[in-house]
Structure formats: C-alpha cells, structure tokens
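Report on the structure given below.
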Amino acid sequence: MGAVAVIGSLAFIGWLIWRAAKRKPIKAHLVSYILACIAGVFTFTFFLSMDIPEVVKILASIILGAVLIFVAAWFQRRIKPEES
C-alpha cells in the first residue's frame, strides 16, 4: 500500500510538471482533490501498519469512511449556492 501512495505522489508531481510544460491551467479544486486522495492513501497505509487486530482496522476504516461521507454530505447540504 505504501508503494501505491509513493507512486501516486510521483504521478501527481509528473502531472503537474506536464500541465506546466503544456501551459495548461491547473484548477485549484482538482489539485486539492488529488492531494486529499494521496493523503488518504498515506493515512490508510499508516493505519494498516499499526499493531492492532486486522478486524478492528477494517471495522474502524468502514465506520470512519461512513462518518466522513455523512459529514461531507451534511456540509454540502448546509451550504446552498446563491440564487441568481
């Protein structure tokens, strides 16, 4: 899993360099999304390497993922775009 995180980081850096070389715009929301995904993989890798039973790790990952999805949906519903 650690290799996936490192390869993802290198791919992201390569993508940024490629976009800069082609002089294409880089959107901030896309960069922050990719950074969040890479950080999530690193966090998941660290979490799985901890010295606790695997069943507990799996259950905690599922529960944490459900909570984060709920919080994201709740914030998205609270923030409504202004009507034109």
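Each chain in the structure tokens gets a letter, A, B and so on, in the order shown; residues start at 1 in every chain, and ligands are counted from 1 in the order they appear.
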### Query
Using only C-alpha atoms, which residues sit within 10 Å of Val4 in chain A once same-chain residues fewer than 3 positions away are excluded, as JSON, numbers by chain?
{"A": [1, 7, 8, 9, 10, 38, 41, 42, 45]}
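Neighbours of Ala39 in chain A closer than or equal to 12 Å, with only C-alpha atoms counted and sequence neighbours fewer than 3 positions away skipped, come out as Gly2, Val4, Ala5, Val6, Gly8, Ser9, Phe12, Ser32, Tyr33, Ile34, Leu35, Ala36, Phe42, Thr43, Phe44, Thr45 and Phe46 of chain A.
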#### Entry: alpha helix (DSSP H) per DSSP on the backbone: members of chain A, as JSON, numbers by chain
{"A": [2, 3, 4, 5, 6, 7, 8, 9, 10, 11, 12, 13, 14, 15, 16, 17, 18, 19, 20, 21, 28, 29, 30, 31, 32, 33, 34, 35, 36, 37, 38, 39, 40, 41, 42, 43, 44, 45, 46, 47, 48, 54, 55, 56, 57, 58, 59, 60, 61, 62, 63, 64, 65, 66, 67, 68, 69, 70, 71, 72, 73, 74, 75, 76, 77, 78]}
